[in-house]
Amino acid sequence: MRFLLMGSILLTLGLLAGCTETPPVADNQVFVTLSAQQGVAVLPQHAVWPAGEQMTYLTVDPEGRLVLATSSRENRVYAFDAREGRLLARIPVGRTPKGVKIDHAGRWAAVANEGDGTLSLIDLATLTVVDTIRVGPTPHNSVFSPDDSLLYVTLQGDSSVAVVDVVRRTVIDRLPAGRAPHNVDLSPDGRRLYVSNIGSRDLTVIDLPTRRIIRRIPLAPPHHGVDATPDGRYVLVTGIAGQVVTVIDARKLEVVKQIEVGIGPHGVRASRDGRTAYVALVPQNRVAILDLTTLTVDRYLEPGNGPFWIAIPGNP
């Protein structure tokens with residue numbers, strides 16, 4: 001995979017050098033990191049914003065005005081004006097940043113730094129890091145609670161999820177997970193935490209009021225992306241080493257279908273209304289668009305090389 005990505009980078013440097021204009025972003029924007037093209041793609045416009053090396057995760061604020069994307073090689077977060085595609089800042093963070101998430105109020109962003117076991121807290125008013133919180137070994141991604149008071153951070157090196165008090169800026173608890181918890185999402189009501197585990201190849205469902213795991217659901221080969229659809233109907237889980245998106249009934253906590261999408265699905269996000277989902281197929285350079293009413297693939301788009309993660313306003 002590493003050699004494939006490096007080859008794609010070399011092939012696309014010329015394309016990026018010629019990318020000087022960016023069309024305006026529409027209301028139905030979908031943002032995609034291009035890990036093999038040093039950029040961020042905007043769909044359906046097929047615009048590409050030049051960015052840094054090894055772009056991995058990204059997020060967008062609730063109003064669709066600000067996009068943050070991590071360069072895991074440069075140890076920076078790239079901040080873009082989502083309406084114009086203008087680069088606003090390159091923000092230095094910790095070593096090997098991966099997951100980045102903006103809170104619901106659009107005030108803070110959290111960046112999980114795998115290389116030094118920390119979380120960078122970014123003030124979005126100034127686009128600067130205001131605090132660095134030590135959370136534990138190999139943090140990978142995070143999600144804010146509905147009231148933005150807590151942050152749940154997966155610790156791949158500890159088989160647990162760190163609970164960070166955002167006001168006090170410290171870890172106040174740890175929740176059990178599977179082996180090597182990777183990505184994470186929260187049910188719309190904030191009561192259930194969904195954690196994909198690359199070591200145990202399952203999804204742990206944590207009941208937050210009781211702090212207990214209430215279900216372990218086997219998954220396709222890792223690494224896994226996970227998305228709880230905003231309508232509360234499904235949990236979608238990918239596996240980059242496989243070819244399917246696992247669709248889980250969020251009420252029954254049962255697998256209802258595995259949708260064949262193509263090789264290498266990773267990033268996955270549903271639209272705000274829960275009717276459509278977008279899946280990044282990393283080695284195929286495509287994004288699959290799923291119809292969640294029929295649980296089938298509707299069509300494919302080609303955003304660029306190495307699409308890795310996806311963010312949508314209202315479901316970052």
# chains A, B, ... in the order shown; residues from 1 in each chain; ligands from 1
call {"tool": "residues_around", "arguments": {"residues": "region 96-106 of chain A", "least_positions_apart": "5", "cutoff": "8 Å", "atoms": "only C-alpha atoms", "output": "ChimeraX atom specification"}}
result
/A:56-62,68-76,111-116,124,140-144,146-148,316
call {"tool": "residues_around", "arguments": {"residues": "Val32 (chain A)", "least_positions_apart": "2", "cutoff": "12 Å", "atoms": "only C-alpha atoms", "output": "CSV table (one decimal) with C-alpha atoms, in the first residue's frame"}}
result
chain,number,residue,atom,x,y,z
A,29,GLN,CA,-20.4,19.7,-0.5
A,30,VAL,CA,-18.5,16.5,0.4
A,34,LEU,CA,-6.4,12.6,-1.1
A,35,SER,CA,-3.5,10.7,0.6
A,36,ALA,CA,-1.7,10.1,-2.7
A,37,GLN,CA,-2.2,13.5,-4.2
A,38,GLN,CA,-1.3,16.0,-1.4
A,39,GLY,CA,-4.7,17.5,-1.5
A,40,VAL,CA,-8.3,17.8,-0.4
A,41,ALA,CA,-11.0,17.1,-2.9
A,42,VAL,CA,-14.5,18.8,-3.0
A,43,LEU,CA,-17.4,16.9,-4.5
A,44,PRO,CA,-19.5,17.1,-6.6
A,45,GLN,CA,-17.4,19.9,-8.1
A,46,HIS,CA,-14.3,17.8,-8.5
A,47,ALA,CA,-12.2,20.7,-7.2
A,48,VAL,CA,-8.8,19.9,-5.5
A,49,TRP,CA,-7.2,22.1,-3.0
A,51,ALA,CA,-2.3,20.6,0.7
A,55,MET,CA,-3.1,13.8,4.0
A,56,THR,CA,-5.2,11.5,6.2
A,57,TYR,CA,-8.2,12.7,8.2
A,58,LEU,CA,-10.3,15.8,7.9
A,59,THR,CA,-13.4,17.5,9.4
A,60,VAL,CA,-15.7,20.4,8.6
A,67,VAL,CA,-12.3,22.5,6.8
A,68,LEU,CA,-9.3,21.1,8.7
A,69,ALA,CA,-7.2,18.3,7.4
A,70,THR,CA,-4.2,16.5,8.9
A,266,HIS,CA,-12.0,3.4,4.5
A,267,GLY,CA,-13.6,6.8,5.1
A,268,VAL,CA,-17.4,6.7,5.3
A,269,ARG,CA,-20.0,9.4,6.0
A,278,TYR,CA,-20.1,8.3,0.6
A,279,VAL,CA,-17.3,5.7,0.9
A,280,ALA,CA,-13.6,6.4,0.0
A,281,LEU,CA,-12.0,3.5,-1.9
A,282,VAL,CA,-8.4,4.2,-1.3
A,285,ASN,CA,-9.2,6.3,-6.5
A,286,ARG,CA,-13.0,6.3,-6.3
A,287,VAL,CA,-15.8,7.3,-4.0
A,301,LEU,CA,-17.1,9.4,-8.4
A,302,GLU,CA,-13.4,9.9,-9.1
A,303,PRO,CA,-12.1,12.7,-6.7
A,304,GLY,CA,-8.4,12.1,-7.2
A,305,ASN,CA,-5.7,9.8,-6.1
A,306,GLY,CA,-5.9,7.9,-2.8
A,307,PRO,CA,-9.2,9.1,-1.3
A,308,PHE,CA,-8.9,8.4,2.4
A,309,TRP,CA,-11.4,10.1,4.7
A,310,ILE,CA,-14.6,11.9,4.2
A,311,ALA,CA,-16.4,14.8,6.0
A,312,ILE,CA,-19.8,16.3,5.4
A,316,PRO,CA,-18.1,15.7,10.1
call {"tool": "residues_around", "arguments": {"residues": "Leu155 (chain A)", "least_positions_apart": "6", "cutoff": "7 Å", "atoms": "only C-alpha atoms", "output": "PDB file with N, CA and C atoms, in the first residue's frame"}}
result
ATOM      1  N   GLY A 136      -2.636   9.110  26.277  1.00  0.00           N
ATOM      2  CA  GLY A 136      -2.302   7.697  26.358  1.00  0.00           C
ATOM      3  C   GLY A 136      -1.657   7.213  25.074  1.00  0.00           C
ATOM      4  N   PRO A 137      -1.306   5.925  25.015  1.00  0.00           N
ATOM      5  CA  PRO A 137      -0.532   5.415  23.886  1.00  0.00           C
ATOM      6  C   PRO A 137      -1.315   5.329  22.582  1.00  0.00           C
ATOM      7  N   THR A 138      -0.757   5.923  21.558  1.00  0.00           N
ATOM      8  CA  THR A 138      -1.240   5.830  20.180  1.00  0.00           C
ATOM      9  C   THR A 138      -2.704   6.254  20.020  1.00  0.00           C
ATOM     10  N   PRO A 139      -3.049   7.470  20.348  1.00  0.00           N
ATOM     11  CA  PRO A 139      -4.412   7.951  20.079  1.00  0.00           C
ATOM     12  C   PRO A 139      -4.635   8.071  18.576  1.00  0.00           C
ATOM     13  N   HIS A 140      -5.829   7.710  18.120  1.00  0.00           N
ATOM     14  CA  HIS A 140      -6.049   7.696  16.675  1.00  0.00           C
ATOM     15  C   HIS A 140      -7.158   8.636  16.219  1.00  0.00           C
ATOM     16  N   VAL A 161     -10.761   3.649  25.489  1.00  0.00           N
ATOM     17  CA  VAL A 161     -11.136   4.969  25.002  1.00  0.00           C
ATOM     18  C   VAL A 161     -10.947   5.954  26.151  1.00  0.00           C
ATOM     19  N   ALA A 162     -10.106   6.957  25.932  1.00  0.00           N
ATOM     20  CA  ALA A 162      -9.903   7.984  26.942  1.00  0.00           C
ATOM     21  C   ALA A 162     -11.050   8.984  26.895  1.00  0.00           C
ATOM     22  N   ALA A 180      -6.837  -2.695  20.030  1.00  0.00           N
ATOM     23  CA  ALA A 180      -6.430  -1.635  19.093  1.00  0.00           C
ATOM     24  C   ALA A 180      -7.619  -0.852  18.557  1.00  0.00           C
ATOM     25  N   PRO A 181      -8.332  -0.140  19.433  1.00  0.00           N
ATOM     26  CA  PRO A 181      -9.457   0.688  18.964  1.00  0.00           C
ATOM     27  C   PRO A 181      -8.970   1.764  18.006  1.00  0.00           C
TER      28      PRO A 181
END
call {"tool": "residues_around", "arguments": {"residues": "Ile214 (chain A)", "least_positions_apart": "6", "cutoff": "9 Å", "atoms": "only C-alpha atoms", "output": "list in words"}}
result
Thr204, Val205, Ile206 and Asp207 of chain A
call {"tool": "write_last_selection", "arguments": {"atoms": "all heavy atoms", "output": "JSON list (two decimals), in the first residue's frame"}}
result
[["chain", "number", "residue", "atom", "x", "y", "z"],
["A", 204, "THR", "N", -17.18, -2.50, 19.06],
["A", 204, "THR", "CA", -17.71, -2.53, 20.41],
["A", 204, "THR", "C", -18.72, -1.40, 20.55],
["A", 204, "THR", "O", -18.47, -0.26, 20.15],
["A", 204, "THR", "CB", -16.60, -2.38, 21.48],
["A", 204, "THR", "OG1", -15.81, -1.23, 21.18],
["A", 204, "THR", "CG2", -15.72, -3.60, 21.51],
["A", 205, "VAL", "N", -19.86, -1.74, 21.11],
["A", 205, "VAL", "CA", -20.91, -0.76, 21.37],
["A", 205, "VAL", "C", -20.93, -0.52, 22.88],
["A", 205, "VAL", "O", -21.21, -1.43, 23.67],
["A", 205, "VAL", "CB", -22.28, -1.26, 20.89],
["A", 205, "VAL", "CG1", -23.34, -0.18, 21.11],
["A", 205, "VAL", "CG2", -22.21, -1.66, 19.42],
["A", 206, "ILE", "N", -20.62, 0.70, 23.28],
["A", 206, "ILE", "CA", -20.51, 1.05, 24.70],
["A", 206, "ILE", "C", -21.73, 1.87, 25.11],
["A", 206, "ILE", "O", -22.05, 2.88, 24.48],
["A", 206, "ILE", "CB", -19.23, 1.85, 24.98],
["A", 206, "ILE", "CG1", -18.00, 1.05, 24.54],
["A", 206, "ILE", "CG2", -19.12, 2.23, 26.45],
["A", 206, "ILE", "CD1", -16.71, 1.85, 24.58],
["A", 207, "ASP", "N", -22.41, 1.41, 26.14],
["A", 207, "ASP", "CA", -23.51, 2.16, 26.73],
["A", 207, "ASP", "C", -22.90, 3.19, 27.69],
["A", 207, "ASP", "O", -22.36, 2.82, 28.74],
["A", 207, "ASP", "CB", -24.46, 1.22, 27.48],
["A", 207, "ASP", "CG", -25.62, 1.96, 28.11],
["A", 207, "ASP", "OD1", -26.51, 2.41, 27.38],
["A", 207, "ASP", "OD2", -25.61, 2.09, 29.35]]
call {"tool": "closest_residue", "arguments": {"among": "A:Arg212, A:Asp131, A:Glu254, A:Arg299", "to": "Arg169 (chain A)", "atoms": "only C-alpha atoms"}}
result
A:Asp131
call {"tool": "residues_around", "arguments": {"residues": "Ser149 (chain A)", "least_positions_apart": "2", "cutoff": "7 Å", "atoms": "only C-alpha atoms", "output": "list in words"}}
result
Ser145, Asp147, Asp165, Val166 and Val167 of chain A
call {"tool": "write_last_selection", "arguments": {"atoms": "C-alpha atoms", "output": "mmCIF file, in the first residue's frame"}}
result
data_model
loop_
_atom_site.group_PDB
_atom_site.id
_atom_site.type_symbol
_atom_site.label_atom_id
_atom_site.label_comp_id
_atom_site.auth_asym_id
_atom_site.auth_seq_id
_atom_site.Cartn_x
_atom_site.Cartn_y
_atom_site.Cartn_z
ATOM 1 C CA SER A 145 -20.191 14.577 23.200
ATOM 2 C CA ASP A 147 -22.839 19.192 24.564
ATOM 3 C CA ASP A 165 -12.940 16.817 30.059
ATOM 4 C CA VAL A 166 -12.722 19.631 27.508
ATOM 5 C CA VAL A 167 -13.036 22.426 30.095
#
call {"tool": "closest_residue", "arguments": {"among": "A:Val247, A:Leu253, A:Ala89, A:Ser159", "to": "Thr294 (chain A)", "atoms": "only C-alpha atoms"}}
result
A:Val247
call {"tool": "residues_around", "arguments": {"residues": "region 256-265 of chain A", "least_positions_apart": "6", "cutoff": "12 Å", "atoms": "only C-alpha atoms", "output": "PyMOL selection string"}}
result
chain A and resi 1+217-226+233-250+277-292+294-300+306-310
call {"tool": "decode", "arguments": {"residues": "region 140-176 of chain A", "atoms": "N, CA, C and O atoms", "output": "PDB file, in the first residue's frame"}}
result
ATOM      1  N   HIS A 140      -5.829   7.710  18.120  1.00  0.00           N
ATOM      2  CA  HIS A 140      -6.049   7.696  16.675  1.00  0.00           C
ATOM      3  C   HIS A 140      -7.158   8.636  16.219  1.00  0.00           C
ATOM      4  O   HIS A 140      -7.006   9.337  15.226  1.00  0.00           O
ATOM      5  N   ASN A 141      -8.289   8.648  16.909  1.00  0.00           N
ATOM      6  CA  ASN A 141      -9.383   9.517  16.490  1.00  0.00           C
ATOM      7  C   ASN A 141     -10.245   9.845  17.696  1.00  0.00           C
ATOM      8  O   ASN A 141     -10.059   9.272  18.778  1.00  0.00           O
ATOM      9  N   SER A 142     -11.209  10.750  17.508  1.00  0.00           N
ATOM     10  CA  SER A 142     -12.013  11.186  18.651  1.00  0.00           C
ATOM     11  C   SER A 142     -13.376  11.655  18.174  1.00  0.00           C
ATOM     12  O   SER A 142     -13.617  11.864  16.976  1.00  0.00           O
ATOM     13  N   VAL A 143     -14.276  11.856  19.145  1.00  0.00           N
ATOM     14  CA  VAL A 143     -15.592  12.415  18.866  1.00  0.00           C
ATOM     15  C   VAL A 143     -16.049  13.198  20.094  1.00  0.00           C
ATOM     16  O   VAL A 143     -15.798  12.784  21.232  1.00  0.00           O
ATOM     17  N   PHE A 144     -16.680  14.359  19.863  1.00  0.00           N
ATOM     18  CA  PHE A 144     -17.185  15.184  20.949  1.00  0.00           C
ATOM     19  C   PHE A 144     -18.557  14.685  21.398  1.00  0.00           C
ATOM     20  O   PHE A 144     -19.361  14.208  20.586  1.00  0.00           O
ATOM     21  N   SER A 145     -18.848  14.833  22.694  1.00  0.00           N
ATOM     22  CA  SER A 145     -20.191  14.577  23.200  1.00  0.00           C
ATOM     23  C   SER A 145     -21.138  15.634  22.643  1.00  0.00           C
ATOM     24  O   SER A 145     -20.704  16.694  22.185  1.00  0.00           O
ATOM     25  N   PRO A 146     -22.461  15.377  22.662  1.00  0.00           N
ATOM     26  CA  PRO A 146     -23.406  16.349  22.078  1.00  0.00           C
ATOM     27  C   PRO A 146     -23.304  17.746  22.665  1.00  0.00           C
ATOM     28  O   PRO A 146     -23.543  18.731  21.955  1.00  0.00           O
ATOM     29  N   ASP A 147     -22.957  17.867  23.958  1.00  0.00           N
ATOM     30  CA  ASP A 147     -22.839  19.192  24.564  1.00  0.00           C
ATOM     31  C   ASP A 147     -21.408  19.736  24.527  1.00  0.00           C
ATOM     32  O   ASP A 147     -21.126  20.791  25.104  1.00  0.00           O
ATOM     33  N   ASP A 148     -20.503  19.019  23.855  1.00  0.00           N
ATOM     34  CA  ASP A 148     -19.105  19.432  23.670  1.00  0.00           C
ATOM     35  C   ASP A 148     -18.295  19.474  24.966  1.00  0.00           C
ATOM     36  O   ASP A 148     -17.173  19.983  24.977  1.00  0.00           O
ATOM     37  N   SER A 149     -18.823  18.932  26.053  1.00  0.00           N
ATOM     38  CA  SER A 149     -18.088  18.969  27.318  1.00  0.00           C
ATOM     39  C   SER A 149     -17.062  17.849  27.418  1.00  0.00           C
ATOM     40  O   SER A 149     -16.077  17.969  28.161  1.00  0.00           O
ATOM     41  N   LEU A 150     -17.280  16.752  26.675  1.00  0.00           N
ATOM     42  CA  LEU A 150     -16.399  15.600  26.730  1.00  0.00           C
ATOM     43  C   LEU A 150     -15.903  15.246  25.340  1.00  0.00           C
ATOM     44  O   LEU A 150     -16.553  15.530  24.330  1.00  0.00           O
ATOM     45  N   LEU A 151     -14.754  14.585  25.325  1.00  0.00           N
ATOM     46  CA  LEU A 151     -14.168  14.103  24.085  1.00  0.00           C
ATOM     47  C   LEU A 151     -13.754  12.654  24.302  1.00  0.00           C
ATOM     48  O   LEU A 151     -13.069  12.336  25.274  1.00  0.00           O
ATOM     49  N   TYR A 152     -14.198  11.778  23.411  1.00  0.00           N
ATOM     50  CA  TYR A 152     -13.862  10.355  23.501  1.00  0.00           C
ATOM     51  C   TYR A 152     -12.761  10.053  22.497  1.00  0.00           C
ATOM     52  O   TYR A 152     -12.929  10.269  21.295  1.00  0.00           O
ATOM     53  N   VAL A 153     -11.630   9.538  22.976  1.00  0.00           N
ATOM     54  CA  VAL A 153     -10.428   9.369  22.158  1.00  0.00           C
ATOM     55  C   VAL A 153     -10.015   7.899  22.151  1.00  0.00           C
ATOM     56  O   VAL A 153      -9.774   7.304  23.207  1.00  0.00           O
ATOM     57  N   THR A 154      -9.911   7.301  20.966  1.00  0.00           N
ATOM     58  CA  THR A 154      -9.473   5.907  20.874  1.00  0.00           C
ATOM     59  C   THR A 154      -7.964   5.815  21.102  1.00  0.00           C
ATOM     60  O   THR A 154      -7.184   6.590  20.550  1.00  0.00           O
ATOM     61  N   LEU A 155      -7.558   4.839  21.906  1.00  0.00           N
ATOM     62  CA  LEU A 155      -6.144   4.598  22.212  1.00  0.00           C
ATOM     63  C   LEU A 155      -5.766   3.224  21.674  1.00  0.00           C
ATOM     64  O   LEU A 155      -6.027   2.197  22.300  1.00  0.00           O
ATOM     65  N   GLN A 156      -5.143   3.205  20.512  1.00  0.00           N
ATOM     66  CA  GLN A 156      -4.800   1.925  19.895  1.00  0.00           C
ATOM     67  C   GLN A 156      -3.802   1.125  20.727  1.00  0.00           C
ATOM     68  O   GLN A 156      -3.790  -0.099  20.672  1.00  0.00           O
ATOM     69  N   GLY A 157      -2.985   1.821  21.497  1.00  0.00           N
ATOM     70  CA  GLY A 157      -1.976   1.120  22.291  1.00  0.00           C
ATOM     71  C   GLY A 157      -2.455   0.693  23.656  1.00  0.00           C
ATOM     72  O   GLY A 157      -1.672   0.137  24.436  1.00  0.00           O
ATOM     73  N   ASP A 158      -3.736   0.920  23.969  1.00  0.00           N
ATOM     74  CA  ASP A 158      -4.212   0.652  25.326  1.00  0.00           C
ATOM     75  C   ASP A 158      -5.534  -0.103  25.367  1.00  0.00           C
ATOM     76  O   ASP A 158      -6.039  -0.409  26.444  1.00  0.00           O
ATOM     77  N   SER A 159      -6.104  -0.419  24.195  1.00  0.00           N
ATOM     78  CA  SER A 159      -7.390  -1.120  24.124  1.00  0.00           C
ATOM     79  C   SER A 159      -8.468  -0.428  24.954  1.00  0.00           C
ATOM     80  O   SER A 159      -9.272  -1.069  25.618  1.00  0.00           O
ATOM     81  N   SER A 160      -8.452   0.893  24.913  1.00  0.00           N
ATOM     82  CA  SER A 160      -9.444   1.647  25.669  1.00  0.00           C
ATOM     83  C   SER A 160      -9.746   2.960  24.964  1.00  0.00           C
ATOM     84  O   SER A 160      -9.093   3.341  23.992  1.00  0.00           O
ATOM     85  N   VAL A 161     -10.761   3.649  25.489  1.00  0.00           N
ATOM     86  CA  VAL A 161     -11.136   4.969  25.002  1.00  0.00           C
ATOM     87  C   VAL A 161     -10.947   5.954  26.151  1.00  0.00           C
ATOM     88  O   VAL A 161     -11.540   5.791  27.226  1.00  0.00           O
ATOM     89  N   ALA A 162     -10.106   6.957  25.932  1.00  0.00           N
ATOM     90  CA  ALA A 162      -9.903   7.984  26.942  1.00  0.00           C
ATOM     91  C   ALA A 162     -11.050   8.984  26.895  1.00  0.00           C
ATOM     92  O   ALA A 162     -11.497   9.374  25.819  1.00  0.00           O
ATOM     93  N   VAL A 163     -11.527   9.384  28.074  1.00  0.00           N
ATOM     94  CA  VAL A 163     -12.573  10.400  28.173  1.00  0.00           C
ATOM     95  C   VAL A 163     -11.914  11.688  28.664  1.00  0.00           C
ATOM     96  O   VAL A 163     -11.388  11.738  29.781  1.00  0.00           O
ATOM     97  N   VAL A 164     -11.942  12.717  27.832  1.00  0.00           N
ATOM     98  CA  VAL A 164     -11.283  13.989  28.146  1.00  0.00           C
ATOM     99  C   VAL A 164     -12.330  15.023  28.525  1.00  0.00           C
ATOM    100  O   VAL A 164     -13.317  15.220  27.805  1.00  0.00           O
ATOM    101  N   ASP A 165     -12.130  15.669  29.667  1.00  0.00           N
ATOM    102  CA  ASP A 165     -12.940  16.817  30.059  1.00  0.00           C
ATOM    103  C   ASP A 165     -12.402  18.025  29.295  1.00  0.00           C
ATOM    104  O   ASP A 165     -11.258  18.451  29.512  1.00  0.00           O
ATOM    105  N   VAL A 166     -13.212  18.569  28.377  1.00  0.00           N
ATOM    106  CA  VAL A 166     -12.722  19.631  27.508  1.00  0.00           C
ATOM    107  C   VAL A 166     -12.446  20.909  28.281  1.00  0.00           C
ATOM    108  O   VAL A 166     -11.492  21.639  27.970  1.00  0.00           O
ATOM    109  N   VAL A 167     -13.245  21.212  29.312  1.00  0.00           N
ATOM    110  CA  VAL A 167     -13.036  22.426  30.095  1.00  0.00           C
ATOM    111  C   VAL A 167     -11.778  22.313  30.948  1.00  0.00           C
ATOM    112  O   VAL A 167     -10.933  23.215  30.971  1.00  0.00           O
ATOM    113  N   ARG A 168     -11.646  21.179  31.652  1.00  0.00           N
ATOM    114  CA  ARG A 168     -10.478  20.982  32.521  1.00  0.00           C
ATOM    115  C   ARG A 168      -9.237  20.553  31.740  1.00  0.00           C
ATOM    116  O   ARG A 168      -8.128  20.602  32.252  1.00  0.00           O
ATOM    117  N   ARG A 169      -9.471  20.075  30.499  1.00  0.00           N
ATOM    118  CA  ARG A 169      -8.387  19.667  29.602  1.00  0.00           C
ATOM    119  C   ARG A 169      -7.524  18.573  30.221  1.00  0.00           C
ATOM    120  O   ARG A 169      -6.297  18.655  30.240  1.00  0.00           O
ATOM    121  N   THR A 170      -8.217  17.547  30.668  1.00  0.00           N
ATOM    122  CA  THR A 170      -7.522  16.406  31.261  1.00  0.00           C
ATOM    123  C   THR A 170      -8.352  15.150  31.070  1.00  0.00           C
ATOM    124  O   THR A 170      -9.576  15.216  30.899  1.00  0.00           O
ATOM    125  N   VAL A 171      -7.693  13.993  31.112  1.00  0.00           N
ATOM    126  CA  VAL A 171      -8.385  12.710  31.033  1.00  0.00           C
ATOM    127  C   VAL A 171      -9.034  12.421  32.378  1.00  0.00           C
ATOM    128  O   VAL A 171      -8.369  12.450  33.416  1.00  0.00           O
ATOM    129  N   ILE A 172     -10.338  12.155  32.363  1.00  0.00           N
ATOM    130  CA  ILE A 172     -11.058  11.902  33.611  1.00  0.00           C
ATOM    131  C   ILE A 172     -11.547  10.464  33.721  1.00  0.00           C
ATOM    132  O   ILE A 172     -12.006  10.038  34.785  1.00  0.00           O
ATOM    133  N   ASP A 173     -11.429   9.688  32.634  1.00  0.00           N
ATOM    134  CA  ASP A 173     -11.933   8.311  32.684  1.00  0.00           C
ATOM    135  C   ASP A 173     -11.370   7.536  31.505  1.00  0.00           C
ATOM    136  O   ASP A 173     -10.841   8.127  30.543  1.00  0.00           O
ATOM    137  N   ARG A 174     -11.478   6.212  31.586  1.00  0.00           N
ATOM    138  CA  ARG A 174     -11.158   5.344  30.459  1.00  0.00           C
ATOM    139  C   ARG A 174     -12.258   4.311  30.324  1.00  0.00           C
ATOM    140  O   ARG A 174     -12.704   3.741  31.322  1.00  0.00           O
ATOM    141  N   LEU A 175     -12.697   4.078  29.091  1.00  0.00           N
ATOM    142  CA  LEU A 175     -13.755   3.120  28.823  1.00  0.00           C
ATOM    143  C   LEU A 175     -13.169   1.891  28.137  1.00  0.00           C
ATOM    144  O   LEU A 175     -12.227   2.004  27.349  1.00  0.00           O
ATOM    145  N   PRO A 176     -13.729   0.715  28.403  1.00  0.00           N
ATOM    146  CA  PRO A 176     -13.215  -0.502  27.767  1.00  0.00           C
ATOM    147  C   PRO A 176     -13.552  -0.528  26.285  1.00  0.00           C
ATOM    148  O   PRO A 176     -14.585   0.004  25.850  1.00  0.00           O
TER     149      PRO A 176
END
